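Next comes upload.txt, with compact mmCIF, C-alpha atoms.
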# COMPACT_ATOMS: atom_id res chain seq x y z
CA MET X 1 39.86 24.49 65.67
CA VAL X 2 38.62 21.30 67.31
CA GLN X 3 36.27 20.61 64.40
CA ASN X 4 39.05 21.18 61.87
CA GLY X 5 41.37 18.88 63.80
CA SER X 6 38.67 16.22 64.06
CA SER X 7 37.88 16.52 60.35
CA SER X 8 41.58 16.24 59.49
CA PHE X 9 41.96 13.12 61.63
CA ILE X 10 38.92 11.47 60.03
CA LYS X 11 40.26 12.20 56.54
CA SER X 12 43.70 10.84 57.37
CA ALA X 13 42.15 7.75 59.02
CA TRP X 14 40.03 7.18 55.92
CA ARG X 15 43.12 7.42 53.70
CA ARG X 16 44.96 4.90 55.88
CA LEU X 17 41.97 2.57 55.77
CA LEU X 18 41.85 2.68 51.97
CA LYS X 19 45.54 1.74 51.83
CA ASN X 20 44.79 -1.44 53.75
CA LYS X 21 43.95 -4.01 51.05
CA GLY X 22 42.46 -6.47 53.50
CA ALA X 23 40.13 -3.85 54.97
CA VAL X 24 39.05 -2.68 51.50
CA PHE X 25 38.33 -6.29 50.50
CA GLY X 26 36.25 -6.74 53.63
CA LEU X 27 34.42 -3.48 53.00
CA TRP X 28 33.52 -4.52 49.46
CA ILE X 29 32.21 -7.90 50.68
CA ILE X 30 30.05 -6.13 53.27
CA VAL X 31 28.72 -3.63 50.71
CA LEU X 32 27.91 -6.51 48.34
CA ALA X 33 26.15 -8.40 51.16
CA VAL X 34 24.06 -5.34 52.08
CA ALA X 35 23.08 -4.74 48.45
CA THR X 36 22.15 -8.42 48.11
CA ALA X 37 20.07 -8.31 51.29
CA VAL X 38 18.13 -5.24 50.18
CA SER X 39 17.32 -6.57 46.70
CA ALA X 40 17.15 -10.26 47.67
CA TYR X 41 13.68 -11.04 46.30
CA PHE X 42 14.38 -9.22 43.04
CA ILE X 43 17.62 -11.06 42.22
CA ALA X 44 16.83 -14.51 43.68
CA PRO X 45 15.62 -17.07 41.09
CA ASP X 46 12.94 -18.11 43.59
CA HIS X 47 11.11 -14.92 44.59
CA SER X 48 8.48 -16.63 46.73
CA PRO X 49 8.31 -15.69 50.46
CA ASP X 50 11.36 -17.14 52.26
CA ALA X 51 12.48 -18.66 48.93
CA ASN X 52 10.37 -21.64 50.00
CA ARG X 53 9.16 -23.05 46.67
CA MET X 54 9.26 -26.81 47.32
CA ILE X 55 9.41 -29.28 44.42
CA LEU X 56 9.94 -32.60 46.20
CA GLU X 57 10.61 -34.58 43.02
CA ILE X 58 13.91 -32.75 42.42
CA GLY X 59 15.22 -32.77 45.99
CA GLY X 60 18.98 -33.10 46.57
CA GLN X 61 20.11 -32.28 43.04
CA LYS X 62 23.69 -31.23 42.26
CA PRO X 63 24.79 -27.73 41.12
CA GLY X 64 23.92 -26.89 37.53
CA PHE X 65 20.87 -29.18 37.50
CA THR X 66 18.45 -28.24 34.71
CA MET X 67 14.84 -29.33 34.36
CA LEU X 68 11.76 -28.57 32.26
CA PHE X 69 8.68 -27.48 34.20
CA LEU X 70 5.04 -27.27 33.28
CA ARG X 71 3.47 -24.17 34.79
CA VAL X 72 0.00 -24.99 36.09
CA PRO X 73 -2.03 -22.00 37.39
CA LYS X 74 -3.00 -22.32 41.03
CA GLN X 75 -6.69 -22.83 41.72
CA LYS X 76 -6.77 -20.03 44.27
CA PRO X 77 -6.04 -16.53 42.85
CA VAL X 78 -2.74 -15.07 44.07
CA HIS X 79 -2.60 -11.44 45.17
CA LYS X 80 0.03 -9.43 43.34
CA ALA X 81 2.34 -7.79 45.86
CA GLY X 82 3.25 -4.14 45.62
CA PHE X 83 6.83 -2.96 45.28
CA LEU X 84 7.45 -2.48 49.01
CA ASP X 85 5.70 -5.72 49.98
CA ARG X 86 7.69 -7.68 47.39
CA LEU X 87 10.90 -5.98 48.52
CA LEU X 88 10.30 -7.13 52.10
CA HIS X 89 8.47 -10.43 51.71
CA GLY X 90 8.67 -11.55 48.08
CA GLN X 91 5.86 -12.53 45.73
CA GLU X 92 3.87 -15.75 46.03
CA ASP X 93 3.98 -17.91 42.90
CA ARG X 94 0.94 -17.84 40.65
CA PHE X 95 1.83 -21.27 39.22
CA ASP X 96 2.65 -24.72 40.49
CA LEU X 97 5.76 -26.09 38.77
CA ILE X 98 5.48 -29.69 37.58
CA PRO X 99 8.84 -31.26 36.57
CA ILE X 100 8.59 -32.99 33.19
CA ARG X 101 10.85 -34.87 30.78
CA SER X 102 8.92 -34.21 27.56
CA TRP X 103 5.66 -32.69 26.40
CA LYS X 104 3.38 -32.23 23.43
CA GLN X 105 0.24 -30.21 22.88
CA GLN X 106 -2.98 -31.87 21.76
CA GLY X 107 -5.83 -29.42 21.24
CA ASP X 108 -6.51 -27.68 24.53
CA SER X 109 -4.48 -30.19 26.57
CA MET X 110 -0.79 -30.70 27.34
CA ILE X 111 0.42 -34.31 27.38
CA VAL X 112 3.62 -34.64 29.47
CA GLN X 113 5.98 -37.25 30.82
CA GLN X 114 6.05 -36.10 34.44
CA TYR X 115 9.36 -36.56 36.25
CA LEU X 116 9.00 -38.46 39.53
CA ASP X 117 12.54 -39.73 40.14
CA GLU X 118 15.75 -40.54 38.29
CA ASP X 119 14.29 -43.58 36.55
CA LEU X 120 10.61 -42.99 37.13
CA GLU X 121 8.19 -41.05 34.92
CA GLU X 122 4.43 -40.84 34.55
CA ARG X 123 2.28 -39.84 31.57
CA ARG X 124 -0.15 -37.08 32.56
CA ALA X 125 -2.53 -34.69 30.77
CA TYR X 126 -3.15 -31.08 31.84
CA PHE X 127 -5.78 -28.66 30.54
CA LEU X 128 -4.17 -25.56 28.99
CA ASN X 129 -6.88 -23.12 30.08
CA GLY X 130 -5.86 -20.69 27.35
CA SER X 131 -2.48 -19.89 28.97
CA SER X 132 0.72 -19.36 27.03
CA GLN X 133 4.33 -20.22 27.93
CA GLN X 134 3.24 -23.37 29.76
CA VAL X 135 6.70 -24.99 29.68
CA VAL X 136 9.78 -23.29 31.09
CA GLU X 137 13.35 -24.44 31.68
CA LYS X 138 15.06 -23.66 34.98
CA THR X 139 18.68 -24.14 36.05
CA PHE X 140 19.56 -24.57 39.71
CA TRP X 141 23.09 -23.20 39.78
CA LEU X 142 23.87 -24.44 43.30
CA GLY X 143 21.49 -27.39 43.27
CA THR X 144 18.42 -28.07 45.41
CA ASP X 145 18.00 -29.14 49.03
CA LYS X 146 16.12 -32.24 50.17
CA PHE X 147 12.81 -30.40 49.78
CA GLY X 148 13.58 -29.35 46.20
CA ARG X 149 14.18 -25.68 47.10
CA ASP X 150 16.71 -23.60 45.18
CA ILE X 151 19.91 -23.35 47.27
CA LEU X 152 21.08 -20.15 45.54
CA SER X 153 17.81 -18.36 46.31
CA ARG X 154 17.89 -19.39 49.96
CA LEU X 155 21.50 -18.25 50.27
CA ILE X 156 20.57 -14.85 48.83
CA VAL X 157 17.55 -14.38 51.11
CA GLY X 158 19.44 -15.85 54.07
CA VAL X 159 21.99 -13.02 54.05
CA ARG X 160 19.24 -10.84 55.50
CA VAL X 161 19.17 -12.91 58.70
CA SER X 162 22.95 -12.75 59.17
CA LEU X 163 23.12 -8.99 58.63
CA ALA X 164 20.01 -8.33 60.72
CA VAL X 165 21.21 -10.38 63.69
CA GLY X 166 24.60 -8.68 63.46
CA LEU X 167 23.10 -5.18 63.34
CA ILE X 168 20.62 -5.66 66.17
CA ALA X 169 23.11 -7.54 68.33
CA VAL X 170 25.70 -4.78 67.83
CA VAL X 171 23.20 -2.06 68.78
CA ILE X 172 22.19 -3.93 71.94
CA SER X 173 25.73 -4.93 72.94
CA LEU X 174 27.21 -1.47 72.30
CA THR X 175 24.41 0.27 74.19
CA ILE X 176 24.87 -1.90 77.27
CA GLY X 177 28.66 -2.13 77.01
CA ILE X 178 29.26 1.60 76.51
CA ALA X 179 26.88 2.58 79.33
CA LEU X 180 28.41 0.17 81.87
CA GLY X 181 31.97 0.85 80.71
CA LEU X 182 31.57 4.62 81.01
CA TRP X 183 29.92 4.31 84.40
CA ALA X 184 32.52 1.90 85.80
CA GLY X 185 35.53 3.78 84.42
CA TYR X 186 34.38 7.25 85.48
CA TYR X 187 33.03 6.62 88.98
CA VAL X 188 35.42 3.78 90.02
CA GLY X 189 35.15 2.74 93.69
CA ARG X 190 32.14 0.65 94.65
CA THR X 191 30.36 1.26 91.32
CA ASP X 192 33.36 -0.08 89.44
CA ARG X 193 33.62 -3.15 91.68
CA VAL X 194 29.94 -4.04 91.24
CA ILE X 195 30.05 -3.66 87.45
CA MET X 196 33.33 -5.61 87.19
CA TRP X 197 31.79 -8.39 89.30
CA LEU X 198 28.86 -8.55 86.87
CA ILE X 199 31.25 -8.53 83.90
CA ASN X 200 33.34 -11.35 85.36
CA VAL X 201 30.26 -13.45 86.09
CA VAL X 202 28.95 -13.07 82.54
CA TRP X 203 32.48 -13.54 81.16
CA SER X 204 32.78 -16.91 82.93
CA ILE X 205 29.71 -18.32 81.16
CA PRO X 206 30.33 -19.72 77.64
CA ALA X 207 28.56 -17.48 75.13
CA LEU X 208 26.60 -20.31 73.52
CA LEU X 209 25.31 -21.57 76.87
CA LEU X 210 24.31 -18.05 77.86
CA VAL X 211 22.42 -17.63 74.59
CA PHE X 212 20.68 -20.95 75.24
CA ALA X 213 19.56 -19.74 78.66
CA ILE X 214 18.24 -16.46 77.26
CA THR X 215 16.40 -18.16 74.38
CA LEU X 216 14.75 -20.52 76.88
CA VAL X 217 13.37 -17.44 78.64
CA LEU X 218 12.46 -15.46 75.50
CA GLY X 219 11.44 -18.45 73.37
CA LYS X 220 12.46 -19.54 69.87
CA GLY X 221 11.99 -17.15 66.99
CA PHE X 222 13.37 -14.53 64.65
CA TRP X 223 13.56 -11.56 67.02
CA GLN X 224 14.26 -13.56 70.16
CA VAL X 225 17.55 -14.88 68.83
CA PHE X 226 18.66 -11.34 67.91
CA VAL X 227 18.05 -10.09 71.43
CA ALA X 228 19.66 -13.17 72.98
CA VAL X 229 22.84 -12.77 70.93
CA GLY X 230 23.01 -9.04 71.70
CA LEU X 231 22.72 -9.67 75.44
CA THR X 232 25.82 -11.90 75.37
CA LEU X 233 28.24 -9.66 73.44
CA TRP X 234 28.40 -6.54 75.64
CA VAL X 235 31.11 -7.82 78.02
CA ASN X 236 34.12 -7.16 75.75
CA THR X 237 32.83 -3.69 74.92
CA ALA X 238 32.31 -2.81 78.59
CA ARG X 239 35.82 -3.96 79.56
CA ILE X 240 37.52 -2.02 76.76
CA ILE X 241 35.50 1.16 77.34
CA ARG X 242 36.19 0.97 81.09
CA THR X 243 39.94 0.70 80.45
CA GLN X 244 39.86 3.67 78.07
CA VAL X 245 37.85 5.83 80.47
CA LEU X 246 40.17 5.02 83.41
CA SER X 247 43.05 6.62 81.53
CA ILE X 248 41.10 9.50 80.00
CA ARG X 249 39.51 10.62 83.28
CA GLU X 250 42.97 11.55 84.61
CA LEU X 251 43.82 13.84 81.67
CA ALA X 252 44.08 17.61 82.10
CA TYR X 253 41.01 18.57 80.05
CA VAL X 254 38.76 16.33 82.19
CA GLU X 255 40.21 17.83 85.38
CA ALA X 256 39.66 21.30 83.91
CA ALA X 257 36.02 20.46 83.11
CA LYS X 258 35.50 19.33 86.71
CA ALA X 259 37.15 22.53 87.99
CA LEU X 260 34.74 24.59 85.89
CA GLY X 261 31.85 22.90 87.67
CA LEU X 262 30.53 20.92 84.70
CA GLY X 263 28.22 18.04 85.60
CA ASP X 264 29.30 14.41 85.38
CA THR X 265 26.81 13.65 82.61
CA ARG X 266 28.14 16.46 80.41
CA ILE X 267 31.75 15.47 81.05
CA ILE X 268 31.04 11.83 80.22
CA PHE X 269 29.04 12.39 77.03
CA ARG X 270 30.65 15.60 75.72
CA HIS X 271 34.31 15.10 76.62
CA ILE X 272 35.00 11.41 77.32
CA LEU X 273 32.68 9.46 75.00
CA PRO X 274 33.91 11.11 71.75
CA ASN X 275 37.46 10.03 72.63
CA VAL X 276 36.56 6.34 72.98
CA LEU X 277 34.56 6.03 69.74
CA GLY X 278 37.57 4.58 67.90
CA PRO X 279 37.67 1.38 70.00
CA VAL X 280 33.86 1.29 69.85
CA MET X 281 33.92 1.11 66.05
CA VAL X 282 36.46 -1.71 66.16
CA MET X 283 34.36 -3.58 68.74
CA ALA X 284 31.27 -3.10 66.58
CA THR X 285 32.85 -5.01 63.68
CA SER X 286 34.12 -7.72 66.03
CA ASN X 287 30.67 -8.11 67.63
CA PHE X 288 29.08 -8.21 64.17
CA ALA X 289 31.25 -11.19 63.21
CA SER X 290 30.63 -12.93 66.55
CA ALA X 291 26.86 -12.43 66.21
CA ILE X 292 26.83 -14.04 62.76
CA ILE X 293 28.66 -17.11 64.08
CA LEU X 294 26.43 -17.36 67.17
CA GLU X 295 23.24 -17.10 65.10
CA ALA X 296 24.49 -19.78 62.69
CA GLY X 297 25.33 -22.05 65.62
CA LEU X 298 21.94 -21.51 67.24
CA SER X 299 20.08 -22.18 63.98
CA PHE X 300 22.17 -25.31 63.40
CA LEU X 301 21.18 -26.56 66.85
CA GLY X 302 17.51 -25.76 66.24
CA VAL X 303 17.01 -22.92 68.72
CA GLY X 304 17.62 -20.01 66.36
CA VAL X 305 15.70 -18.94 63.27
CA GLN X 306 12.89 -21.41 62.60
CA PRO X 307 11.87 -22.98 59.24
CA PRO X 308 10.90 -22.14 56.61
CA GLN X 309 12.80 -18.86 57.01
CA PRO X 310 16.22 -19.30 55.39
CA SER X 311 19.26 -19.05 57.64
CA TRP X 312 22.76 -20.14 56.67
CA GLY X 313 23.14 -22.12 59.90
CA LEU X 314 19.76 -23.77 59.38
CA MET X 315 20.73 -24.65 55.80
CA ILE X 316 23.83 -26.45 57.08
CA LYS X 317 21.67 -28.38 59.55
CA GLU X 318 19.18 -29.39 56.86
CA ASN X 319 21.85 -30.53 54.40
CA TYR X 320 24.86 -31.67 56.45
CA ASN X 321 24.06 -35.35 55.78
CA PHE X 322 24.86 -34.70 52.10
CA ILE X 323 28.51 -33.98 53.03
CA ILE X 324 29.31 -37.70 53.18
CA THR X 325 27.08 -38.61 50.25
CA HIS X 326 26.87 -37.42 46.68
CA ASN X 327 26.30 -33.66 47.08
CA PRO X 328 28.44 -31.98 49.79
CA LEU X 329 28.06 -28.50 48.27
CA LEU X 330 24.54 -28.23 49.72
CA ALA X 331 26.06 -27.80 53.19
CA ILE X 332 29.43 -26.36 52.16
CA SER X 333 27.98 -23.36 50.27
CA PRO X 334 26.25 -21.74 53.31
CA GLY X 335 29.40 -22.49 55.32
CA ILE X 336 31.49 -20.61 52.76
CA CYS X 337 29.06 -17.66 52.94
CA ILE X 338 29.38 -17.53 56.74
CA MET X 339 33.17 -17.69 56.48
CA LEU X 340 33.37 -14.90 53.90
CA LEU X 341 31.09 -12.52 55.80
CA VAL X 342 32.82 -13.13 59.15
CA LEU X 343 36.23 -12.71 57.49
CA ALA X 344 35.06 -9.45 55.90
CA PHE X 345 34.04 -7.95 59.25
CA ASN X 346 37.25 -9.11 60.92
CA LEU X 347 39.39 -7.63 58.14
CA LEU X 348 37.47 -4.36 58.32
CA GLY X 349 37.85 -4.32 62.11
CA ASN X 350 41.62 -4.81 61.86
CA GLY X 351 41.81 -2.05 59.27
CA LEU X 352 39.77 0.34 61.45
CA ARG X 353 41.99 -0.43 64.44
CA ASP X 354 45.12 0.52 62.49
CA ALA X 355 43.52 3.54 60.79
CA LEU X 356 42.19 5.00 64.05
CA ASP X 357 45.42 4.46 65.98
CA VAL X 358 46.59 7.99 66.81
CA ARG X 359 50.18 6.75 67.06
CA THR X 360 50.13 6.16 63.30
CA GLY X 361 48.33 9.41 62.59
CA ALA X 362 51.48 11.22 61.64
CA GLY X 363 51.98 8.81 58.75

Could you spell out this file's structure in structure tokens?
Amino acid sequence: MVQNGSSSFIKSAWRRLLKNKGAVFGLWIIVLAVATAVSAYFIAPDHSPDANRMILEIGGQKPGFTMLFLRVPKQKPVHKAGFLDRLLHGQEDRFDLIPIRSWKQQGDSMIVQQYLDEDLEERRAYFLNGSSQQVVEKTFWLGTDKFGRDILSRLIVGVRVSLAVGLIAVVISLTIGIALGLWAGYYVGRTDRVIMWLINVVWSIPALLLVFAITLVLGKGFWQVFVAVGLTLWVNTARIIRTQVLSIRELAYVEAAKALGLGDTRIIFRHILPNVLGPVMVMATSNFASAIILEAGLSFLGVGVQPPQPSWGLMIKENYNFIITHNPLLAISPGICIMLLVLAFNLLGNGLRDALDVRTGAG
């Protein structure tokens, strides 16, 4: 009977969620972001590791910029990555790309007008070495950064960092927050006072400053910033779980479980925890959005993800000077991506809150 009732509630909650247009929009954005993150190196125009193909001559170009390139084989042989390796890390380029204005073939050589700057070219000759398809045309749909890297490719690969930091931070924050919230709410008394003191101390410290302090201890890096963000987001979860448990522990079924001689651990995890999972899911989406913003802020300030790994916050830092010059989209585009992903998680969180509200269950 309990399972049937639980299944019925989940189905009705799912129906209410699907009726919420904002939540559905957010869910679709998140699904699209996850699919993009998984297949990033297969759909990005630049499939090199970290989308870090630098062509300095074409740095800072506007969206839609098109250029001819002469493909020159690298002197050192490049190992061809397997499917899994390319999925995770991309494939190193086998060619150097030389930007050119014009070209013509003479025997076994290619004579080109090599592009150096807007009004600067140089006549060069390259040996063909029996290769075909030496000249290719590439379009940079969102332009290039100051190092000549494709902005679109770095945006696509950068979504991995935002989703990864959100996922790991949520796991860490929920683990700590649920454990302390359950403990404080169930045992009350001195245990509750000690945990609430800890919560209030952490609560009083601005999140960004706390993350700074943790990163100074752990060091800069990819995984360090994930852990640092996760260790700052557990406070809200602990407070909400504690409040829920304080009310649930007084209900009849908990008193009956105590009267039957069931242990505290079984009561907490078998009878109380399942009844606070609704708020936990809402907090998970909220923490996900907060983690994305924190990671972007840390990367912008230089203590988050380190170059050349693409991060949306780091991309804003590298290109923010273009905002007041000729190409503001270089910094605006990663900002728009951050806004959309954070908005998606907030919309989904609001939809989950309404769908899981038992007071609307009858509808």

Separation of CA of Ile199 in chain X from CA of Gly349 in chain X, in Å and rounded to one decimal: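 Taking CA of Ile199 in chain X as the start and CA of Gly349 in chain X as the end point, the length is 23.2 Å.
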
Which protein, DNA or RNA residues have an atom at most 10 Å from (17.6, -27.7, 38.5), counting all atoms listed in the file? List them as number ranges by chain. X: 58-69, 99, 137-144, 148-150

Shell of 9 Å around Ala207 in chain X, all atoms listed in the file, local chain residues under 2 positions omitted, as an NGL selection string: :X and (202-205 or 209-212 or 229 or 232-233 or 294)

Can I get the selection written as an mmCIF file, in the coordinates of the input, with C-alpha atoms?
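Generated output (part_35.cif):
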data_model
loop_
_atom_site.group_PDB
_atom_site.id
_atom_site.type_symbol
_atom_site.label_atom_id
_atom_site.label_comp_id
_atom_site.auth_asym_id
_atom_site.auth_seq_id
_atom_site.Cartn_x
_atom_site.Cartn_y
_atom_site.Cartn_z
ATOM 1 C CA VAL X 202 28.950 -13.070 82.540
ATOM 2 C CA TRP X 203 32.480 -13.540 81.160
ATOM 3 C CA SER X 204 32.780 -16.910 82.930
ATOM 4 C CA ILE X 205 29.710 -18.320 81.160
ATOM 5 C CA LEU X 209 25.310 -21.570 76.870
ATOM 6 C CA LEU X 210 24.310 -18.050 77.860
ATOM 7 C CA VAL X 211 22.420 -17.630 74.590
ATOM 8 C CA PHE X 212 20.680 -20.950 75.240
ATOM 9 C CA VAL X 229 22.840 -12.770 70.930
ATOM 10 C CA THR X 232 25.820 -11.900 75.370
ATOM 11 C CA LEU X 233 28.240 -9.660 73.440
ATOM 12 C CA LEU X 294 26.430 -17.360 67.170
#

Closest-contact table, range 271-357 of chain X side, partner range 172-178 of chain X, 12 Å, counting all atoms listed in the file, as a tab-separated table:
residue	atom	partner	partner_atom	distance
X:Ile272	CA	X:Ile178	CA	11.4
X:Leu273	CA	X:Ile178	CA	8.7
X:Pro274	CA	X:Ile178	CA	11.6
X:Val276	CA	X:Ile178	CA	9.4
X:Leu277	CA	X:Ile178	CA	9.7
X:Pro279	CA	X:Ile178	CA	10.6
X:Val280	CA	X:Leu174	CA	7.6
X:Met281	CA	X:Leu174	CA	9.5
X:Val282	CA	X:Leu174	CA	11.1
X:Met283	CA	X:Leu174	CA	8.3
X:Ala284	CA	X:Leu174	CA	7.2
X:Thr285	CA	X:Leu174	CA	10.9
X:Ser286	CA	X:Ser173	CA	11.2
X:Asn287	CA	X:Ser173	CA	7.9
X:Phe288	CA	X:Ser173	CA	9.9
X:Ser290	CA	X:Ser173	CA	11.4
X:Ala291	CA	X:Ser173	CA	10.1

Name all residues at most 9 Å from Leu27 in chain X (count only C-alpha atoms; drop same-chain ones fewer than 4 positions away) and give them as a list in words.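 My list of contacting residues is Gly22, Ala23, Val31, Leu32, Ala344, Phe345, Leu347 and Leu348 of chain X.
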
Grab the CA of Arg154 in chain X to CA of Asp50 in chain X distance for me, in Å with one decimal place. 7.3 Å

So, counting all atoms listed in the file, which residue among X:Ala40, X:Gly82, X:Phe25, X:Glu118 is closest to Glu57 in chain X? X:Glu118

In Å, how far is it from CA of Arg71 in chain X to CA of Ile98 in chain X?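 So the answer is 6.5 Å.
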
Excluding range 102-107 of chain X and its own-chain neighbours fewer than 4 positions away, which residues fall within 12 Å of it when counting only C-alpha atoms? Please give them as a list in words.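 Non-adjacent residues within range: Met67, Leu68, Phe69, Leu70, Ile98, Ile111, Val112, Gln113, Gln114, Tyr115, Glu121, Glu122, Arg123, Arg124, Ala125, Tyr126, Phe127, Leu128, Asn129, Gly130, Ser132, Gln133, Gln134, Val135, Val136 and Glu137 of chain X.
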
For the point (15.1, -17.7, 68.6) in the file's frame, write as a PyMOL selection string all residues with an atom no more than 9 Å away, counting only C-alpha atoms. chain X and resi 215-216+218-228+295+298-299+302-306

Identify, on the basis of only C-alpha atoms, every residue whose closest approach to range 336-343 of chain X does not exceed 9 Å; exclude the query and any residue fewer than 3 positions from it along the same chain; express the result as an mmCIF file with C-alpha atoms, in the frame of the given file.
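File produced: part06.cif:
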data_model
loop_
_atom_site.group_PDB
_atom_site.id
_atom_site.type_symbol
_atom_site.label_atom_id
_atom_site.label_comp_id
_atom_site.auth_asym_id
_atom_site.auth_seq_id
_atom_site.Cartn_x
_atom_site.Cartn_y
_atom_site.Cartn_z
ATOM 1 C CA GLY X 26 36.250 -6.740 53.630
ATOM 2 C CA ILE X 29 32.210 -7.900 50.680
ATOM 3 C CA ILE X 30 30.050 -6.130 53.270
ATOM 4 C CA ALA X 33 26.150 -8.400 51.160
ATOM 5 C CA LEU X 155 21.500 -18.250 50.270
ATOM 6 C CA VAL X 159 21.990 -13.020 54.050
ATOM 7 C CA SER X 162 22.950 -12.750 59.170
ATOM 8 C CA SER X 286 34.120 -7.720 66.030
ATOM 9 C CA PHE X 288 29.080 -8.210 64.170
ATOM 10 C CA ALA X 289 31.250 -11.190 63.210
ATOM 11 C CA SER X 290 30.630 -12.930 66.550
ATOM 12 C CA ILE X 292 26.830 -14.040 62.760
ATOM 13 C CA ILE X 293 28.660 -17.110 64.080
ATOM 14 C CA ALA X 296 24.490 -19.780 62.690
ATOM 15 C CA TRP X 312 22.760 -20.140 56.670
ATOM 16 C CA GLY X 313 23.140 -22.120 59.900
ATOM 17 C CA ILE X 332 29.430 -26.360 52.160
ATOM 18 C CA SER X 333 27.980 -23.360 50.270
ATOM 19 C CA ASN X 346 37.250 -9.110 60.920
ATOM 20 C CA LEU X 347 39.390 -7.630 58.140
ATOM 21 C CA LEU X 348 37.470 -4.360 58.320
#

Can you work out which one of X:Tyr186, X:Val194, X:Pro310, X:Arg242 has the shortest atom-to-atom distance to Ala51 in chain X, counting all atoms listed in the file?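 Answer, going by the shortest atom-to-atom distance: X:Pro310.
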
X:Leu163, X:Ala179, X:Leu301, X:Ile323: which is nearest Ala37 in chain X, counting only C-alpha atoms?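 Residue with the minimum atom-to-atom distance to Ala37 in chain X: X:Leu163.
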
Skip Gly181 in chain X itself and residues of its chain fewer than 4 positions away, then list as a JSON list (two decimals) with C-alpha atoms, keeping the file's coordinate frame all residues within 9 Å of it, counting all atoms listed in the file.
[["chain", "number", "residue", "atom", "x", "y", "z"],
["X", 176, "ILE", "CA", 24.87, -1.90, 77.27],
["X", 177, "GLY", "CA", 28.66, -2.13, 77.01],
["X", 185, "GLY", "CA", 35.53, 3.78, 84.42],
["X", 186, "TYR", "CA", 34.38, 7.25, 85.48],
["X", 192, "ASP", "CA", 33.36, -0.08, 89.44],
["X", 195, "ILE", "CA", 30.05, -3.66, 87.45],
["X", 237, "THR", "CA", 32.83, -3.69, 74.92],
["X", 238, "ALA", "CA", 32.31, -2.81, 78.59],
["X", 239, "ARG", "CA", 35.82, -3.96, 79.56],
["X", 240, "ILE", "CA", 37.52, -2.02, 76.76],
["X", 241, "ILE", "CA", 35.50, 1.16, 77.34],
["X", 242, "ARG", "CA", 36.19, 0.97, 81.09],
["X", 243, "THR", "CA", 39.94, 0.70, 80.45],
["X", 244, "GLN", "CA", 39.86, 3.67, 78.07],
["X", 245, "VAL", "CA", 37.85, 5.83, 80.47]]

So, counting only C-alpha atoms, which residue among X:Ala252, X:Val157, X:Leu246, X:Leu18 is closest to Asp354 in chain X?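 Nearest candidate to Asp354 in chain X out of X:Ala252, X:Val157, X:Leu246, X:Leu18: X:Leu18.
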
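Residue nearest Met54 in chain X, chosen from X:Phe147, X:Tyr41, X:Phe83, X:Trp183 and counting all atoms listed in the file: X:Phe147.
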
Could you complete range 270-281 of chain X so that it carries N, CA and C atoms, and give it back as a PDB file, in the coordinates of the input?
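Dumped to selection-v1.pdb:
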ATOM      1  N   ARG X 270      30.097  14.550  76.584  1.00  0.00           N
ATOM      2  CA  ARG X 270      30.650  15.600  75.720  1.00  0.00           C
ATOM      3  C   ARG X 270      32.159  15.549  75.597  1.00  0.00           C
ATOM      4  N   HIS X 271      32.845  15.027  76.616  1.00  0.00           N
ATOM      5  CA  HIS X 271      34.310  15.100  76.620  1.00  0.00           C
ATOM      6  C   HIS X 271      34.996  13.732  76.643  1.00  0.00           C
ATOM      7  N   ILE X 272      34.362  12.727  77.241  1.00  0.00           N
ATOM      8  CA  ILE X 272      35.000  11.410  77.320  1.00  0.00           C
ATOM      9  C   ILE X 272      34.535  10.492  76.200  1.00  0.00           C
ATOM     10  N   LEU X 273      33.216  10.385  76.005  1.00  0.00           N
ATOM     11  CA  LEU X 273      32.680   9.460  75.000  1.00  0.00           C
ATOM     12  C   LEU X 273      33.249   9.692  73.599  1.00  0.00           C
ATOM     13  N   PRO X 274      33.354  10.940  73.096  1.00  0.00           N
ATOM     14  CA  PRO X 274      33.910  11.110  71.750  1.00  0.00           C
ATOM     15  C   PRO X 274      35.327  10.569  71.601  1.00  0.00           C
ATOM     16  N   ASN X 275      36.067  10.491  72.704  1.00  0.00           N
ATOM     17  CA  ASN X 275      37.460  10.030  72.630  1.00  0.00           C
ATOM     18  C   ASN X 275      37.595   8.520  72.759  1.00  0.00           C
ATOM     19  N   VAL X 276      36.492   7.807  72.941  1.00  0.00           N
ATOM     20  CA  VAL X 276      36.560   6.340  72.980  1.00  0.00           C
ATOM     21  C   VAL X 276      35.787   5.721  71.816  1.00  0.00           C
ATOM     22  N   LEU X 277      35.343   6.551  70.857  1.00  0.00           N
ATOM     23  CA  LEU X 277      34.560   6.030  69.740  1.00  0.00           C
ATOM     24  C   LEU X 277      35.391   5.167  68.796  1.00  0.00           C
ATOM     25  N   GLY X 278      36.706   5.410  68.742  1.00  0.00           N
ATOM     26  CA  GLY X 278      37.570   4.580  67.900  1.00  0.00           C
ATOM     27  C   GLY X 278      37.506   3.119  68.296  1.00  0.00           C
ATOM     28  N   PRO X 279      37.818   2.785  69.557  1.00  0.00           N
ATOM     29  CA  PRO X 279      37.670   1.380  70.000  1.00  0.00           C
ATOM     30  C   PRO X 279      36.249   0.850  69.850  1.00  0.00           C
ATOM     31  N   VAL X 280      35.256   1.728  70.002  1.00  0.00           N
ATOM     32  CA  VAL X 280      33.860   1.290  69.850  1.00  0.00           C
ATOM     33  C   VAL X 280      33.599   0.801  68.429  1.00  0.00           C
ATOM     34  N   MET X 281      34.112   1.516  67.436  1.00  0.00           N
ATOM     35  CA  MET X 281      33.920   1.110  66.050  1.00  0.00           C
ATOM     36  C   MET X 281      34.589  -0.233  65.770  1.00  0.00           C
TER      37      MET X 281
END
